[in-house]
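Novice: Supplied structure: model-v9.csv, CSV, C-alpha atoms.
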chain,number,residue,atom,x,y,z
A,1,LEU,CA,9.3,2.2,2.0
A,2,MET,CA,8.6,5.9,2.6
A,3,LYS,CA,5.6,6.1,5.0
A,4,TYR,CA,3.4,7.9,2.5
A,5,VAL,CA,-0.3,8.6,2.7
A,6,GLY,CA,-2.3,5.6,3.7
A,7,SER,CA,0.7,3.6,4.8
A,8,LYS,CA,0.2,0.4,6.8
A,9,SER,CA,3.6,0.6,8.5
A,10,ARG,CA,2.1,1.8,11.8
A,11,HIS,CA,0.0,-1.2,12.5
A,12,ALA,CA,1.1,-3.8,9.9
A,13,LYS,CA,2.3,-6.3,12.5
A,14,GLU,CA,-1.1,-6.2,14.3
A,15,ILE,CA,-3.0,-6.8,11.0
A,16,ILE,CA,-0.6,-9.7,10.1
A,17,SER,CA,-1.1,-11.2,13.5
A,18,ALA,CA,-4.9,-11.2,12.9
A,19,ILE,CA,-4.5,-12.8,9.5
A,20,GLU,CA,-1.8,-15.4,10.2
A,21,PRO,CA,-4.1,-17.9,12.0
A,22,TYR,CA,-6.1,-18.2,8.7
A,23,ARG,CA,-3.1,-18.7,6.5
A,24,LYS,CA,-2.5,-22.3,5.2
A,25,ASP,CA,0.9,-23.8,4.7
A,26,GLY,CA,2.4,-22.9,1.4
A,27,GLN,CA,-0.4,-20.4,0.6
A,28,VAL,CA,0.8,-17.6,-1.7
A,29,TRP,CA,0.4,-14.1,-0.2
A,30,VAL,CA,-1.1,-11.7,-2.8
A,31,GLU,CA,-1.6,-8.0,-2.4
A,32,PRO,CA,-3.4,-6.3,-5.4
A,33,PHE,CA,-2.9,-2.9,-3.8
A,34,VAL,CA,0.7,-3.3,-2.5
A,35,GLY,CA,1.3,0.5,-2.1
A,36,GLY,CA,4.5,1.1,-0.1
A,37,ALA,CA,4.9,-2.7,0.6
A,38,ASN,CA,4.7,-2.1,4.3
A,39,MET,CA,2.8,-5.3,4.8
A,40,ILE,CA,4.3,-7.6,2.2
A,41,ASP,CA,7.8,-6.9,3.4
A,42,LYS,CA,7.0,-8.6,6.7
A,43,ILE,CA,5.6,-11.8,5.1
A,44,LYS,CA,7.5,-15.1,4.6
A,45,GLY,CA,6.9,-17.4,1.7
A,46,GLU,CA,5.8,-16.8,-1.9
A,47,ARG,CA,4.5,-13.3,-2.4
A,48,ILE,CA,3.0,-11.3,-5.2
A,49,GLY,CA,2.6,-7.5,-4.9
A,50,ALA,CA,0.6,-5.6,-7.6
A,51,ASP,CA,-0.3,-1.9,-7.9
A,52,LEU,CA,-1.9,0.2,-10.6
A,53,ASN,CA,0.7,2.9,-10.0
A,54,PRO,CA,3.6,2.1,-12.5
A,55,TYR,CA,6.1,4.3,-10.6
A,56,ILE,CA,6.0,2.5,-7.3
A,57,ILE,CA,6.3,-0.9,-9.1
A,58,SER,CA,9.2,0.4,-11.2
A,59,LEU,CA,10.9,1.5,-8.0
A,60,PHE,CA,10.5,-1.9,-6.3
A,61,GLN,CA,11.6,-3.7,-9.4
A,62,GLY,CA,14.6,-1.4,-9.6
A,63,LEU,CA,15.6,-2.0,-6.0
A,64,GLN,CA,15.5,-5.8,-6.8
A,65,ASN,CA,17.9,-5.1,-9.7
A,66,GLY,CA,20.4,-3.0,-7.8
A,67,PHE,CA,19.0,0.5,-8.0
A,68,VAL,CA,20.4,2.8,-5.4
A,69,PRO,CA,18.6,6.1,-4.7
A,70,PRO,CA,20.5,9.4,-4.6
A,71,ASP,CA,21.6,11.1,-1.4
A,72,PHE,CA,20.1,14.5,-2.4
A,73,VAL,CA,17.6,15.9,-4.9
A,74,SER,CA,17.3,19.6,-5.4
A,75,GLU,CA,14.0,21.3,-5.9
A,76,TYR,CA,14.9,22.0,-9.5
A,77,GLU,CA,15.6,18.3,-10.1
A,78,TYR,CA,12.4,17.4,-8.4
A,79,LYS,CA,10.4,19.7,-10.6
A,80,THR,CA,12.2,18.5,-13.8
A,81,VAL,CA,11.4,14.9,-13.0
A,82,SER,CA,7.8,15.8,-12.0
A,83,ASN,CA,7.3,17.4,-15.4
A,84,SER,CA,8.7,14.5,-17.4
A,85,ARG,CA,7.1,11.7,-15.4
A,86,VAL,CA,9.1,9.0,-17.2
A,87,VAL,CA,8.5,5.6,-15.6
A,88,THR,CA,11.8,4.7,-13.9
A,89,PRO,CA,12.9,3.7,-10.4
A,90,LEU,CA,14.3,7.2,-9.9
A,91,THR,CA,11.0,8.8,-10.8
A,92,GLY,CA,9.2,6.6,-8.3
A,93,PHE,CA,11.7,7.3,-5.6
A,94,ILE,CA,11.7,11.1,-6.1
A,95,GLY,CA,7.9,11.2,-6.5
A,96,PHE,CA,7.3,9.5,-3.2
A,97,GLY,CA,10.4,9.9,-1.2
A,98,CYS,CA,11.0,13.6,-1.8
A,99,SER,CA,7.4,14.8,-1.4
A,100,TYR,CA,5.3,16.2,1.4
A,101,SER,CA,3.9,13.3,3.4
A,102,GLY,CA,5.1,10.9,0.7
A,103,LYS,CA,2.2,12.0,-1.5
A,104,PHE,CA,3.3,11.3,-5.1
A,105,PHE,CA,4.8,14.6,-6.4
A,106,GLY,CA,2.7,16.4,-3.9
A,107,GLY,CA,5.3,19.1,-3.4
A,108,TYR,CA,9.0,19.2,-2.6
A,109,ALA,CA,9.5,18.2,1.0
A,110,ARG,CA,11.4,20.7,3.1
A,111,GLY,CA,11.6,21.5,6.8
A,112,LYS,CA,13.8,21.6,9.9
A,113,SER,CA,14.7,19.0,12.5
A,114,SER,CA,14.2,19.5,16.2
A,115,ASN,CA,17.6,21.1,16.5
A,116,GLY,CA,16.8,23.6,13.8
A,117,LYS,CA,18.9,22.2,11.0
A,118,ASN,CA,17.4,21.6,7.5
A,119,ARG,CA,16.2,18.1,7.0
A,120,ASN,CA,17.3,16.0,4.0
A,121,TYR,CA,14.2,14.1,3.2
A,122,CYS,CA,15.8,12.4,0.3
A,123,ALA,CA,18.6,10.9,2.4
A,124,GLU,CA,16.0,9.9,5.0
A,125,SER,CA,13.9,8.1,2.4
A,126,LYS,CA,17.0,6.5,0.9
A,127,ARG,CA,17.9,5.0,4.3
A,128,ASN,CA,14.3,3.8,4.9
A,129,ILE,CA,14.0,2.1,1.5
A,130,LEU,CA,17.5,0.5,1.5
A,131,LYS,CA,16.6,-0.9,5.0
A,132,GLN,CA,13.4,-2.3,3.5
A,133,ALA,CA,14.9,-3.7,0.3
A,134,PRO,CA,16.3,-7.0,1.7
A,135,ASN,CA,12.8,-7.9,2.8
A,136,LEU,CA,11.5,-7.5,-0.7
A,137,VAL,CA,13.8,-10.1,-2.2
A,138,GLY,CA,11.7,-12.7,-4.0
A,139,VAL,CA,8.5,-10.7,-4.2
A,140,ARG,CA,7.0,-10.7,-7.7
A,141,PHE,CA,5.9,-7.1,-8.4
A,142,VAL,CA,3.3,-6.5,-11.1
A,143,ASN,CA,1.9,-3.3,-12.5
A,144,CYS,CA,-1.8,-3.9,-13.2
A,145,SER,CA,-5.3,-3.3,-11.8
A,146,TYR,CA,-6.6,-5.7,-9.1
A,147,GLU,CA,-9.1,-7.0,-11.7
A,148,ASP,CA,-6.4,-7.9,-14.2
A,149,LEU,CA,-4.0,-9.6,-11.7
A,150,GLU,CA,-3.5,-13.3,-12.2
A,151,ILE,CA,-3.8,-15.0,-8.8
A,152,PRO,CA,-2.5,-18.5,-8.2
A,153,LYS,CA,-5.2,-21.0,-7.1
A,154,GLY,CA,-6.0,-21.0,-3.4
A,155,SER,CA,-4.1,-17.9,-2.5
A,156,LEU,CA,-4.4,-15.6,0.5
A,157,ILE,CA,-5.4,-12.2,-0.8
A,158,TYR,CA,-4.9,-9.1,1.4
A,159,CYS,CA,-6.5,-5.9,0.0
A,160,ASP,CA,-5.8,-2.4,1.1
A,161,PRO,CA,-7.9,-0.5,-1.6
A,162,PRO,CA,-8.7,3.2,-1.9
A,163,TYR,CA,-11.2,3.6,0.9
A,164,ASN,CA,-14.8,4.4,0.2
A,165,ASN,CA,-15.8,8.0,1.1
A,166,THR,CA,-12.3,9.2,1.8
A,167,THR,CA,-9.8,11.4,0.0
A,168,ARG,CA,-7.4,8.5,-0.3
A,169,TYR,CA,-4.9,9.0,-3.1
A,170,SER,CA,-6.4,10.4,-6.4
A,171,THR,CA,-8.5,7.3,-7.1
A,172,GLY,CA,-10.0,8.6,-10.3
A,173,GLY,CA,-13.4,7.3,-9.2
A,174,PHE,CA,-12.6,3.9,-7.6
A,175,ASP,CA,-15.7,1.8,-7.6
A,176,SER,CA,-16.1,0.2,-4.2
A,177,LYS,CA,-19.2,-1.7,-5.1
A,178,GLN,CA,-17.4,-3.4,-8.0
A,179,PHE,CA,-14.4,-4.1,-5.8
A,180,TRP,CA,-16.5,-5.9,-3.2
A,181,GLU,CA,-18.2,-7.9,-5.9
A,182,TRP,CA,-14.7,-8.9,-7.1
A,183,CYS,CA,-13.8,-9.9,-3.5
A,184,ASN,CA,-16.9,-12.1,-3.2
A,185,LYS,CA,-16.0,-13.8,-6.5
A,186,LYS,CA,-12.5,-14.5,-5.2
A,187,VAL,CA,-13.9,-16.1,-2.1
A,188,GLU,CA,-16.2,-18.3,-4.3
A,189,GLU,CA,-13.1,-19.3,-6.3
A,190,GLY,CA,-11.5,-20.7,-3.2
A,191,HIS,CA,-9.2,-17.9,-2.2
A,192,THR,CA,-8.8,-16.6,1.4
A,193,VAL,CA,-9.6,-12.8,1.3
A,194,PHE,CA,-9.0,-10.0,3.8
A,195,VAL,CA,-9.8,-6.3,3.3
A,196,SER,CA,-8.6,-3.2,5.2
A,197,GLU,CA,-11.4,-0.6,5.1
A,198,TYR,CA,-13.5,1.6,7.3
A,199,GLU,CA,-16.7,-0.1,6.2
A,200,ALA,CA,-17.8,-3.2,4.4
A,201,PRO,CA,-20.9,-5.0,3.2
A,202,SER,CA,-22.9,-6.5,6.1
A,203,ASN,CA,-21.9,-10.1,5.3
A,204,TRP,CA,-18.2,-9.3,5.9
A,205,LYS,CA,-17.0,-9.6,9.5
A,206,SER,CA,-14.5,-7.3,11.3
A,207,ILE,CA,-11.8,-9.4,12.9
A,208,TRP,CA,-9.6,-6.5,13.9
A,209,SER,CA,-10.1,-2.7,14.3
A,210,LYS,CA,-8.2,0.3,15.5
A,211,GLU,CA,-8.9,4.0,15.7
A,212,VAL,CA,-6.3,5.8,13.5
A,213,ASN,CA,-5.2,9.3,12.8
A,214,ASN,CA,-5.5,9.7,9.1
A,215,THR,CA,-5.4,12.5,6.5
A,216,LEU,CA,-7.7,10.4,4.4
A,217,VAL,CA,-10.9,10.4,6.5
A,218,LYS,CA,-13.5,12.7,4.9
A,219,ASP,CA,-14.9,14.7,7.8
A,220,THR,CA,-14.6,18.1,9.3
A,221,GLY,CA,-13.2,17.1,12.7
A,222,SER,CA,-10.0,15.6,13.9
A,223,LYS,CA,-9.6,13.3,11.0
A,224,ARG,CA,-9.8,10.1,13.0
A,225,GLY,CA,-11.4,7.0,11.8
A,226,VAL,CA,-11.8,3.3,12.8
A,227,GLU,CA,-10.0,1.1,10.5
A,228,HIS,CA,-11.1,-2.5,10.2
A,229,LEU,CA,-9.8,-5.8,8.9
A,230,PHE,CA,-12.7,-7.6,7.2
A,231,TYR,CA,-13.0,-11.3,6.5
A,232,ILE,CA,-15.7,-13.6,5.1
A,233,LYS,CA,-15.5,-17.4,5.3
A,234,ASP,CA,-18.1,-18.4,2.8
A,235,VAL,CA,-20.1,-16.0,0.5
A,236,SER,CA,-22.8,-18.6,-0.2
A,237,ASN,CA,-23.6,-18.9,3.6
A,238,SER,CA,-23.7,-15.2,4.3
Could you quickly redo this structure as structure tokens?
Specialist:
Amino acid sequence: LMKYVGSKSRHAKEIISAIEPYRKDGQVWVEPFVGGANMIDKIKGERIGADLNPYIISLFQGLQNGFVPPDFVSEYEYKTVSNSRVVTPLTGFIGFGCSYSGKFFGGYARGKSSNGKNRNYCAESKRNILKQAPNLVGVRFVNCSYEDLEIPKGSLIYCDPPYNNTTRYSTGGFDSKQFWEWCNKKVEEGHTVFVSEYEAPSNWKSIWSKEVNNTLVKDTGSKRGVEHLFYIKDVSNS
């Protein structure tokens, strides 16, 4: 999908390569924070993608049902849809695909290409999402919080939550402590759990890391941070 704020598209294959050795045959791949689906679209087998944002889930479900995005959206249309915020695939597409940096209704995207011509961000997003769509066939998309998601027994859970101490999305006060407690509980229940974050409780081990340029890191410098993939084998032995 559109490579919006926090997208895993840049290093999804590296993260998946780090996870795959731990995945068991037939294990369901579950993402409680599916976002732009830039991880789950590269996974084979049974997949569940959930997100608290109803617009992104509506967009993905719409694509699965034949929704085709427009070739162009005017600034007037953008503002009209932004004001109404009706949950439809079109609203999801415009909100992310026609906005600055893909930030949901973060301002109408405009600019020029390297040859000086005006860019059509809508058309670019349409091409990207239609290219991605075939890889989303069969994914069960769910609009709910991570805590309310029903997860099949013995699943592999990959979490890409709002990062602690960052400006990631408008989280509305995401409780990282509560989230990690939930992760520990899922491990105790027999799930295989991985988390992308900048930091984690001391009993979680980093099995992959990379310095990334990110608009989400809360500092006053170059906005670079080291992203990690954390894993824990057994909570009781930690």
Novice: From the set A:Ala200, A:Ile151, A:Val187, A:Ala133, which residue has the shortest atom-to-atom contact distance to Leu63 (chain A), counting only C-alpha atoms?
Specialist: A:Ala133
Novice: Can you find the residues with an atom no farther than 6 Å from (-1.7, -8.0, -9.0), counting all atoms listed in the file, and report them as a compact mmCIF listing (two decimals) with C-alpha atoms, keeping the file's coordinate frame?
Specialist:
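Heads up, here's the output in part.txt:
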# COMPACT_ATOMS: atom_id res chain seq x y z
CA PRO A 32 -3.40 -6.30 -5.40
CA GLY A 49 2.60 -7.50 -4.90
CA ALA A 50 0.60 -5.60 -7.60
CA VAL A 142 3.30 -6.50 -11.10
CA CYS A 144 -1.80 -3.90 -13.20
CA TYR A 146 -6.60 -5.70 -9.10
CA LEU A 149 -4.00 -9.60 -11.70
Novice: Which residues are close to Ala12 (chain A), i.e. within 12 Å by only C-alpha atoms, leaving aside same-chain residues fewer than 5 positions away? Reply as a PDB file with C-alpha atoms, in the frame of the given file.
Specialist:
ATOM      1  CA  LYS A   3       5.600   6.100   5.000  1.00  0.00           C
ATOM      2  CA  GLY A   6      -2.300   5.600   3.700  1.00  0.00           C
ATOM      3  CA  SER A   7       0.700   3.600   4.800  1.00  0.00           C
ATOM      4  CA  SER A  17      -1.100 -11.200  13.500  1.00  0.00           C
ATOM      5  CA  ALA A  18      -4.900 -11.200  12.900  1.00  0.00           C
ATOM      6  CA  ILE A  19      -4.500 -12.800   9.500  1.00  0.00           C
ATOM      7  CA  GLU A  20      -1.800 -15.400  10.200  1.00  0.00           C
ATOM      8  CA  GLY A  36       4.500   1.100  -0.100  1.00  0.00           C
ATOM      9  CA  ALA A  37       4.900  -2.700   0.600  1.00  0.00           C
ATOM     10  CA  ASN A  38       4.700  -2.100   4.300  1.00  0.00           C
ATOM     11  CA  MET A  39       2.800  -5.300   4.800  1.00  0.00           C
ATOM     12  CA  ILE A  40       4.300  -7.600   2.200  1.00  0.00           C
ATOM     13  CA  ASP A  41       7.800  -6.900   3.400  1.00  0.00           C
ATOM     14  CA  LYS A  42       7.000  -8.600   6.700  1.00  0.00           C
ATOM     15  CA  ILE A  43       5.600 -11.800   5.100  1.00  0.00           C
ATOM     16  CA  TYR A 158      -4.900  -9.100   1.400  1.00  0.00           C
ATOM     17  CA  ASP A 160      -5.800  -2.400   1.100  1.00  0.00           C
ATOM     18  CA  SER A 196      -8.600  -3.200   5.200  1.00  0.00           C
ATOM     19  CA  TRP A 208      -9.600  -6.500  13.900  1.00  0.00           C
ATOM     20  CA  LYS A 210      -8.200   0.300  15.500  1.00  0.00           C
ATOM     21  CA  LEU A 229      -9.800  -5.800   8.900  1.00  0.00           C
TER      22      LEU A 229
END
Novice: Counting all atoms listed in the file, which residue out of A:Val235, A:Val212, A:Val86, A:Leu136 sits closest to Trp182 (chain A)?
Specialist: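 Distance minimum relative to Trp182 (chain A) lands on A:Val235.
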Novice: Any idea what the distance is between CA of His228 (chain A) and CA of Tyr198 (chain A)?
Specialist: 5.6 Å
Novice: As an exercise, work out the distance from CA of Pro70 (chain A) to CA of Lys117 (chain A) in Å and give it to one decimal place.
Specialist: 20.2 Å
Novice: Show me the residues close to (5.6, -0.7, -3.7) - anything with an atom within 9 Å, counting all atoms listed in the file - and format the list as a ChimeraX atom specification.
Specialist: /A:1,33-38,49-51,53,55-61,141
Novice: Write out as a PyMOL selection string the residues lying within 8 Å of Val87 (chain A), counting all atoms listed in the file and excluding same-chain residues fewer than 2 positions away.
Specialist: chain A and resi 54-55+58+85+89+91-92
Novice: Limited to C-alpha atoms, could you put the picked residues into a file as a PDB file, keeping the file's coordinate frame?
Specialist:
ATOM      1  CA  PRO A  54       3.600   2.100 -12.500  1.00  0.00           C
ATOM      2  CA  TYR A  55       6.100   4.300 -10.600  1.00  0.00           C
ATOM      3  CA  SER A  58       9.200   0.400 -11.200  1.00  0.00           C
ATOM      4  CA  ARG A  85       7.100  11.700 -15.400  1.00  0.00           C
ATOM      5  CA  PRO A  89      12.900   3.700 -10.400  1.00  0.00           C
ATOM      6  CA  THR A  91      11.000   8.800 -10.800  1.00  0.00           C
ATOM      7  CA  GLY A  92       9.200   6.600  -8.300  1.00  0.00           C
TER       8      GLY A  92
END
Novice: For CA of Glu181 (chain A) and CA of Gly45 (chain A), determine how far apart the two atoms are, in Å to one decimal place.
Specialist: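 CA of Gly45 (chain A) lies 27.9 Å from CA of Glu181 (chain A).
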Novice: Pick out the residues sitting within 12 Å of Gln178 (chain A), and hand them over as a PyMOL selection string; count only C-alpha atoms, and ignore anything fewer than 2 positions along from it in its own chain.
Specialist: chain A and resi 146-147+161+164+173-176+180-185+201
Novice: When distances are computed from all atoms listed in the file, which of A:Ser202, A:Thr192, A:Ser101, A:Ser113 shows the smallest separation from Val28 (chain A)?
Specialist: A:Thr192
Novice: Between A:Lys24, A:Lys103, A:Lys186, A:Lys126, which residue has the minimum interatomic distance to Glu150 (chain A), considering all atoms listed in the file?
Specialist: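 Among the listed residues, A:Lys186 lies closest to Glu150 (chain A).
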Novice: From the options A:Ser236, A:Asn143, A:Asn135, A:Asn213, which residue's atoms come nearest to Arg10 (chain A), counting all atoms listed in the file?
Specialist: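 Closest residue, counting all atoms listed in the file: A:Asn213.
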Novice: Out of A:Gly62, A:Arg140, A:Phe230, A:Ser125, which residue has the shortest atom-to-atom distance to Tyr100 (chain A) when counting all atoms listed in the file?
Specialist: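 For Tyr100 (chain A), the nearest of the given residues is A:Ser125.
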Novice: If you count only C-alpha atoms, which residues fall within 12 Å of Ala123 (chain A), apart from same-chain ones fewer than 3 positions away, as a VMD selection string?
Specialist: chain A and resid 2 68 to 74 93 to 94 97 to 98 109 118 to 120 126 to 130
